[in-house]
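Everything on this sheet refers to the single structure shown next.
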2 protein chains.
Amino acid sequence: MNIKSITSKKNPLIKELSLLNKSASLRYEKGVYIAEGARLVSDAALSGIEIEMLFFTKTAENKYFSYINQVLNKAKEVYIIEDFIAETLSATKNSQGVFALCKIKENKKGIEGKTVILENIQDPTNMGTVLRTAEALGINTIILSGECCDIYSPKVLRASMGAVFRANIQYLKTPTEVKTALIKEKYSIYGSVPLNTAEKITAIEFNNKSAVAIGNEGDGLSEEFKNICDSLITIPMLGRAESLNAAAAASIIMWEMTR
Amino acid sequence: MNIKSITSKKNPLIKELSLLNKSASLRYEKGVYIAEGARLVSDAALSGIEIEMLFFTKTAENKYFSYINQVLNKAKEVYIIEDFIAETLSATKNSQGVFALCKIKENKKGIEGKTVILENIQDPTNMGTVLRTAEALGINTIILSGECCDIYSPKVLRASMGAVFRANIQYLKTPTEVKTALIKEKYSIYGSVPLNTAEKITAIEFNNKSAVAIGNEGDGLSEEFKNICDSLITIPMLGRAESLNAAAAASIIMWEMTR
């Protein structure tokens, strides 16, 4: 293993990489993103993500050797970096000093099994939490529709605890595209809304051809999306009318889909 | 209504208030905290929280008059403040310019109905989300045990969407205190753990004398706490072993308690 050193902040590679955390369009242009943290980086490698480059500090090498060791022979290039370079690359306050430049994977899978559709989910922590919860509950296919936040941002990666690496993410921009793809696979589409008049989620028998849509944090599902749903469903609430936050509602819905 | 103006940042009142968002101990020493945002402030007033002082900018007065109007006659003192003073008081990047100095309420209620126990919940957003979800699902009594984050911090207030104002919060520091209080009221105590060997939450008939404990984000319930539980329960998962995050697990558990 040929391990190189980077000691200057002005190194053009570091300069370029430090922009990746800030720009989703740059990530897609280059086809790569940065995973940060010993556990997340080893998780990426163990999940079959291609690791273009691995970076770690001397301190991290000692502290997180068991994690780093799992990535060393999978990374195409390996760099030892100085602490101040780790700070440049880091999206957090207290960096562990371990980073991987990961390749965005091509997803060749189709829509499979119980499916969650997220429309216009904007908050990276919500997005990450939903992906993490979906994985824990055994839901693999996630359709992203409308204007969702990018799943390769540092916050989504962190909140997802690596679920991003393994989820079967399908991008279907418009409600019509979602409808067309799901009809083809004989799915029923349920739209979740905070409305007492909708069908209670407890009354529905979800099966492997069920897809449930969850809308934006503030606005819920768009009217256009509601129109393509076979039925609208709701979480019956005893308490005040204010609805649950998006991640909490998604957790309850995914639980009800799989319990 | 006598409305006063504050135009100087050096105003000793503003100096003191700006410290409240940063120090939980100061909040308890003075018996007050700051609620920020037009909706949260009006929610506090409508929930019967005593408003010692109300502050708003000229811009906010126009923009959020319907909210501010609901508080004007309930606040003991009212101040118009300059924009730069709003920035000093604010805990967010984009302040709406509306603040209330709220009195910490004395809680004279006992433990009532289905109850959630939070042990060592440290993350303010998790704490706020749990309080919000509990309220939406009709759970009012929340026992805080061990070292939980303060419920009057800006982040908890915001994430709770005002549920902090209405929850029946009980402070019982040690597992023994929790046990004693709950035995007295003939409760069963369930401890949630990420263990396949624990009883499945789907197999339990929760009733109005059920209390479920949720532990710290990273470490779960303490051993000492597990020992006082009548039984340990778990969310059965199909997916990978990594457990759900604390707020997602709490959402599913509270839903199962009340569905």
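Chain identifiers are assigned as A, B, and so on, following the order in which chains appear in the structure tokens; residues are numbered from 1 within each chain, and ligands are numbered from 1 in order of appearance.
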Fitted copy of chain A on chain B, all Cα, as a compact mmCIF listing (two decimals) with C-alpha atoms, in the first residue's frame:
```
# COMPACT_ATOMS: atom_id res chain seq x y z
CA MET A 1 -50.96 49.33 27.48
CA ASN A 2 -47.75 51.14 28.30
CA ILE A 3 -45.23 50.20 25.62
CA LYS A 4 -41.62 51.14 26.30
CA SER A 5 -38.71 51.33 23.86
CA ILE A 6 -35.25 49.86 24.12
CA THR A 7 -32.76 51.35 21.71
CA SER A 8 -29.40 50.56 23.28
CA LYS A 9 -27.62 47.25 23.30
CA LYS A 10 -25.99 48.31 26.54
CA ASN A 11 -29.37 48.34 28.26
CA PRO A 12 -28.73 46.18 31.34
CA LEU A 13 -32.00 44.29 30.86
CA ILE A 14 -30.99 43.17 27.37
CA LYS A 15 -27.55 42.21 28.58
CA GLU A 16 -29.06 40.01 31.27
CA LEU A 17 -31.69 38.47 29.01
CA SER A 18 -29.17 37.58 26.33
CA LEU A 19 -27.46 35.31 28.86
CA LEU A 20 -30.64 33.33 29.54
CA ASN A 21 -30.49 31.41 26.25
CA LYS A 22 -27.00 30.23 27.09
CA SER A 23 -27.32 29.23 30.72
CA ALA A 24 -29.79 26.72 32.12
CA SER A 25 -28.62 27.46 35.67
CA LEU A 26 -29.38 31.17 35.18
CA ARG A 27 -32.86 30.26 33.93
CA TYR A 28 -33.60 28.33 37.12
CA GLU A 29 -31.96 30.92 39.36
CA LYS A 30 -34.21 33.63 37.91
CA GLY A 31 -37.18 31.34 37.27
CA VAL A 32 -37.58 32.55 33.69
CA TYR A 33 -36.67 31.67 30.10
CA ILE A 34 -37.00 33.21 26.67
CA ALA A 35 -39.46 31.99 24.07
CA GLU A 36 -38.64 33.18 20.56
CA GLY A 37 -40.78 33.45 17.46
CA ALA A 38 -44.25 34.87 16.88
CA ARG A 39 -46.04 31.56 16.93
CA LEU A 40 -44.20 30.14 19.94
CA VAL A 41 -44.72 33.32 21.94
CA SER A 42 -48.46 33.44 21.26
CA ASP A 43 -48.62 29.70 21.98
CA ALA A 44 -47.02 30.32 25.40
CA ALA A 45 -49.59 32.97 26.26
CA LEU A 46 -52.51 30.85 25.02
CA SER A 47 -51.18 27.89 27.03
CA GLY A 48 -51.40 29.89 30.24
CA ILE A 49 -47.68 30.58 30.66
CA GLU A 50 -47.06 33.80 32.58
CA ILE A 51 -45.44 36.35 30.27
CA GLU A 52 -43.23 38.68 32.28
CA MET A 53 -42.10 40.71 29.28
CA LEU A 54 -42.92 40.83 25.59
CA PHE A 55 -40.44 42.21 23.06
CA PHE A 56 -40.88 42.85 19.36
CA THR A 57 -39.39 44.92 16.58
CA LYS A 58 -41.31 47.41 14.42
CA THR A 59 -40.96 45.01 11.50
CA ALA A 60 -42.34 42.13 13.55
CA GLU A 61 -45.23 44.27 14.78
CA ASN A 62 -46.47 44.65 11.21
CA LYS A 63 -45.63 41.17 10.01
CA TYR A 64 -46.87 39.15 13.00
CA PHE A 65 -49.55 41.42 14.41
CA SER A 66 -52.15 38.66 14.71
CA TYR A 67 -49.79 36.66 16.92
CA ILE A 68 -48.48 39.60 18.93
CA ASN A 69 -52.02 40.85 19.52
CA GLN A 70 -52.83 37.62 21.38
CA VAL A 71 -50.05 38.33 23.87
CA LEU A 72 -50.26 42.12 24.32
CA ASN A 73 -52.88 42.11 27.06
CA LYS A 74 -51.33 39.11 28.82
CA ALA A 75 -47.77 40.45 29.09
CA LYS A 76 -46.88 42.38 32.24
CA GLU A 77 -44.44 44.62 30.35
CA VAL A 78 -44.14 45.33 26.63
CA TYR A 79 -41.08 46.63 24.81
CA ILE A 80 -40.44 47.74 21.25
CA ILE A 81 -36.86 46.85 20.38
CA GLU A 82 -34.50 47.72 17.57
CA ASP A 83 -33.50 45.08 15.01
CA PHE A 84 -29.95 44.84 16.33
CA ILE A 85 -31.28 44.18 19.82
CA ALA A 86 -33.43 41.37 18.43
CA GLU A 87 -30.25 39.88 17.02
CA THR A 88 -28.66 40.03 20.47
CA LEU A 89 -31.59 38.22 22.04
CA SER A 90 -32.00 35.68 19.26
CA ALA A 91 -30.80 32.08 19.32
CA THR A 92 -31.40 31.64 15.58
CA LYS A 93 -29.83 33.01 12.42
CA ASN A 94 -32.99 34.59 11.06
CA SER A 95 -34.86 36.10 13.95
CA GLN A 96 -38.52 36.99 13.59
CA GLY A 97 -37.94 39.70 16.18
CA VAL A 98 -40.54 38.47 18.69
CA PHE A 99 -39.57 37.32 22.18
CA ALA A 100 -41.26 36.64 25.48
CA LEU A 101 -39.71 36.36 28.88
CA CYS A 102 -41.72 33.47 30.31
CA LYS A 103 -42.02 32.32 33.90
CA ILE A 104 -41.07 28.72 34.59
CA LYS A 105 -44.33 27.19 35.74
CA GLU A 106 -44.77 25.26 38.91
CA ASN A 107 -46.18 21.85 38.13
CA LYS A 108 -48.61 20.67 40.77
CA LYS A 109 -49.91 17.73 38.78
CA GLY A 110 -49.12 14.15 39.67
CA ILE A 111 -48.31 11.28 37.31
CA GLU A 112 -51.38 10.75 35.14
CA GLY A 113 -52.21 8.33 32.36
CA LYS A 114 -49.80 6.70 29.95
CA THR A 115 -46.36 8.00 30.82
CA VAL A 116 -43.00 8.32 29.12
CA ILE A 117 -39.76 8.34 31.10
CA LEU A 118 -36.69 9.87 29.46
CA GLU A 119 -33.35 8.97 30.99
CA ASN A 120 -30.28 11.04 30.10
CA ILE A 121 -31.69 12.42 26.83
CA GLN A 122 -29.02 14.94 25.90
CA ASP A 123 -29.90 16.23 22.46
CA PRO A 124 -32.27 19.23 22.60
CA THR A 125 -33.82 18.43 19.22
CA ASN A 126 -34.58 14.88 20.31
CA MET A 127 -36.05 16.16 23.56
CA GLY A 128 -38.24 18.67 21.73
CA THR A 129 -39.37 16.12 19.16
CA VAL A 130 -40.30 13.60 21.85
CA LEU A 131 -42.36 16.23 23.71
CA ARG A 132 -44.08 17.26 20.47
CA THR A 133 -44.83 13.67 19.47
CA ALA A 134 -46.07 12.78 22.96
CA GLU A 135 -48.50 15.67 22.85
CA ALA A 136 -49.74 14.79 19.36
CA LEU A 137 -50.39 11.23 20.51
CA GLY A 138 -52.08 12.29 23.74
CA ILE A 139 -49.36 11.43 26.26
CA ASN A 140 -49.12 14.22 28.83
CA THR A 141 -46.89 12.96 31.67
CA ILE A 142 -43.17 12.95 30.92
CA ILE A 143 -40.73 11.95 33.63
CA LEU A 144 -37.20 13.29 33.21
CA SER A 145 -34.57 11.19 34.97
CA GLY A 146 -30.80 11.30 35.23
CA GLU A 147 -29.05 14.04 33.27
CA CYS A 148 -31.47 15.26 30.63
CA CYS A 149 -30.94 18.49 28.69
CA ASP A 150 -32.93 21.47 29.94
CA ILE A 151 -36.41 21.77 28.43
CA TYR A 152 -36.27 25.59 28.43
CA SER A 153 -33.36 25.86 26.00
CA PRO A 154 -34.18 27.58 22.69
CA LYS A 155 -33.73 24.35 20.69
CA VAL A 156 -36.04 22.26 22.87
CA LEU A 157 -38.72 24.96 22.88
CA ARG A 158 -38.53 25.24 19.08
CA ALA A 159 -38.49 21.50 18.33
CA SER A 160 -41.34 20.91 20.78
CA MET A 161 -43.58 23.39 18.91
CA GLY A 162 -44.77 24.64 22.28
CA ALA A 163 -45.47 21.22 23.81
CA VAL A 164 -43.09 22.24 26.64
CA PHE A 165 -45.72 24.77 27.75
CA ARG A 166 -48.38 22.10 28.22
CA ALA A 167 -46.58 18.89 29.16
CA ASN A 168 -46.81 17.55 32.69
CA ILE A 169 -43.08 17.30 33.35
CA GLN A 170 -41.97 15.40 36.44
CA TYR A 171 -38.36 15.44 37.61
CA LEU A 172 -37.25 12.24 39.32
CA LYS A 173 -33.49 12.12 39.37
CA THR A 174 -32.65 8.53 40.23
CA PRO A 175 -34.11 5.20 39.09
CA THR A 176 -35.09 4.56 42.73
CA GLU A 177 -37.11 7.78 42.86
CA VAL A 178 -38.82 6.83 39.60
CA LYS A 179 -39.63 3.37 40.93
CA THR A 180 -40.98 4.68 44.25
CA ALA A 181 -43.23 7.27 42.59
CA LEU A 182 -44.58 4.82 40.02
CA ILE A 183 -45.17 1.93 42.45
CA LYS A 184 -47.20 4.30 44.61
CA GLU A 185 -49.45 4.97 41.61
CA LYS A 186 -49.60 1.25 40.67
CA TYR A 187 -47.75 1.67 37.37
CA SER A 188 -45.94 -1.01 35.37
CA ILE A 189 -42.52 0.19 34.19
CA TYR A 190 -41.29 -0.93 30.79
CA GLY A 191 -37.70 -0.28 29.71
CA SER A 192 -37.07 -0.06 25.97
CA VAL A 193 -33.87 -1.70 24.78
CA PRO A 194 -32.46 -2.68 21.36
CA LEU A 195 -32.34 -6.37 22.19
CA ASN A 196 -34.04 -9.24 20.37
CA THR A 197 -34.42 -11.14 23.61
CA ALA A 198 -36.67 -8.47 25.16
CA GLU A 199 -40.45 -8.65 24.83
CA LYS A 200 -41.80 -7.26 21.54
CA ILE A 201 -43.73 -4.01 21.95
CA THR A 202 -46.44 -5.48 19.72
CA ALA A 203 -47.14 -8.18 22.34
CA ILE A 204 -47.89 -5.74 25.15
CA GLU A 205 -51.26 -4.29 26.12
CA PHE A 206 -50.39 -0.81 27.31
CA ASN A 207 -52.91 0.83 29.63
CA ASN A 208 -53.27 4.03 31.64
CA LYS A 209 -50.90 2.66 34.25
CA SER A 210 -48.09 1.97 31.78
CA ALA A 211 -44.83 3.92 31.88
CA VAL A 212 -42.21 3.35 29.20
CA ALA A 213 -38.60 4.41 29.67
CA ILE A 214 -36.34 5.53 26.82
CA GLY A 215 -32.62 5.91 27.36
CA ASN A 216 -29.73 8.02 26.19
CA GLU A 217 -29.04 8.45 22.46
CA GLY A 218 -25.80 6.51 22.44
CA ASP A 219 -25.88 4.35 25.52
CA GLY A 220 -29.56 3.48 26.00
CA LEU A 221 -30.95 2.97 29.49
CA SER A 222 -28.50 2.70 32.36
CA GLU A 223 -28.07 -0.69 34.03
CA GLU A 224 -29.46 0.79 37.21
CA PHE A 225 -32.58 1.87 35.36
CA LYS A 226 -33.05 -1.47 33.65
CA ASN A 227 -33.02 -3.07 37.09
CA ILE A 228 -36.06 -1.13 38.27
CA CYS A 229 -38.13 -2.04 35.20
CA ASP A 230 -40.89 -4.64 35.46
CA SER A 231 -39.98 -5.78 31.96
CA LEU A 232 -37.70 -4.91 29.08
CA ILE A 233 -39.34 -4.32 25.71
CA THR A 234 -38.05 -3.85 22.20
CA ILE A 235 -39.05 -2.70 18.73
CA PRO A 236 -38.71 -5.78 16.53
CA MET A 237 -36.66 -4.87 13.45
CA LEU A 238 -36.34 -6.59 10.13
CA GLY A 239 -33.32 -4.63 9.02
CA ARG A 240 -29.77 -4.20 10.21
CA ALA A 241 -28.89 -4.42 13.88
CA GLU A 242 -28.07 -0.71 14.28
CA SER A 243 -30.85 0.61 16.40
CA LEU A 244 -33.17 3.45 15.53
CA ASN A 245 -32.25 6.92 16.69
CA ALA A 246 -33.74 7.97 20.02
CA ALA A 247 -36.47 10.21 18.60
CA ALA A 248 -37.55 7.62 15.99
CA ALA A 249 -37.62 4.84 18.59
CA ALA A 250 -39.58 7.07 20.97
CA SER A 251 -42.08 7.93 18.21
CA ILE A 252 -42.72 4.27 17.46
CA ILE A 253 -42.98 3.33 21.13
CA MET A 254 -45.38 6.17 21.97
CA TRP A 255 -47.44 5.30 18.90
CA GLU A 256 -47.63 1.67 20.02
CA MET A 257 -48.63 2.82 23.54
CA THR A 258 -51.57 4.80 22.19
CA ARG A 259 -52.66 3.26 18.86
```
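All residues within segment 225-259 of chain A that the backbone DSSP calculation assigns to helix (DSSP H, G or I) are Phe225, Lys226, Asn227, Ile228, Ala246, Ala247, Ala248, Ala249, Ala250, Ser251, Ile252, Ile253, Met254, Trp255, Glu256, Met257 and Thr258 of chain A.
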### Task
as an NGL selection string, please: all residues of segment 1-230 of chain A that backbone DSSP puts in strand (DSSP E).
:A and (3-6 or 32-36 or 51-57 or 77-81 or 98-103 or 115-119 or 141-145 or 168-171 or 188-192 or 199-200 or 210-214)
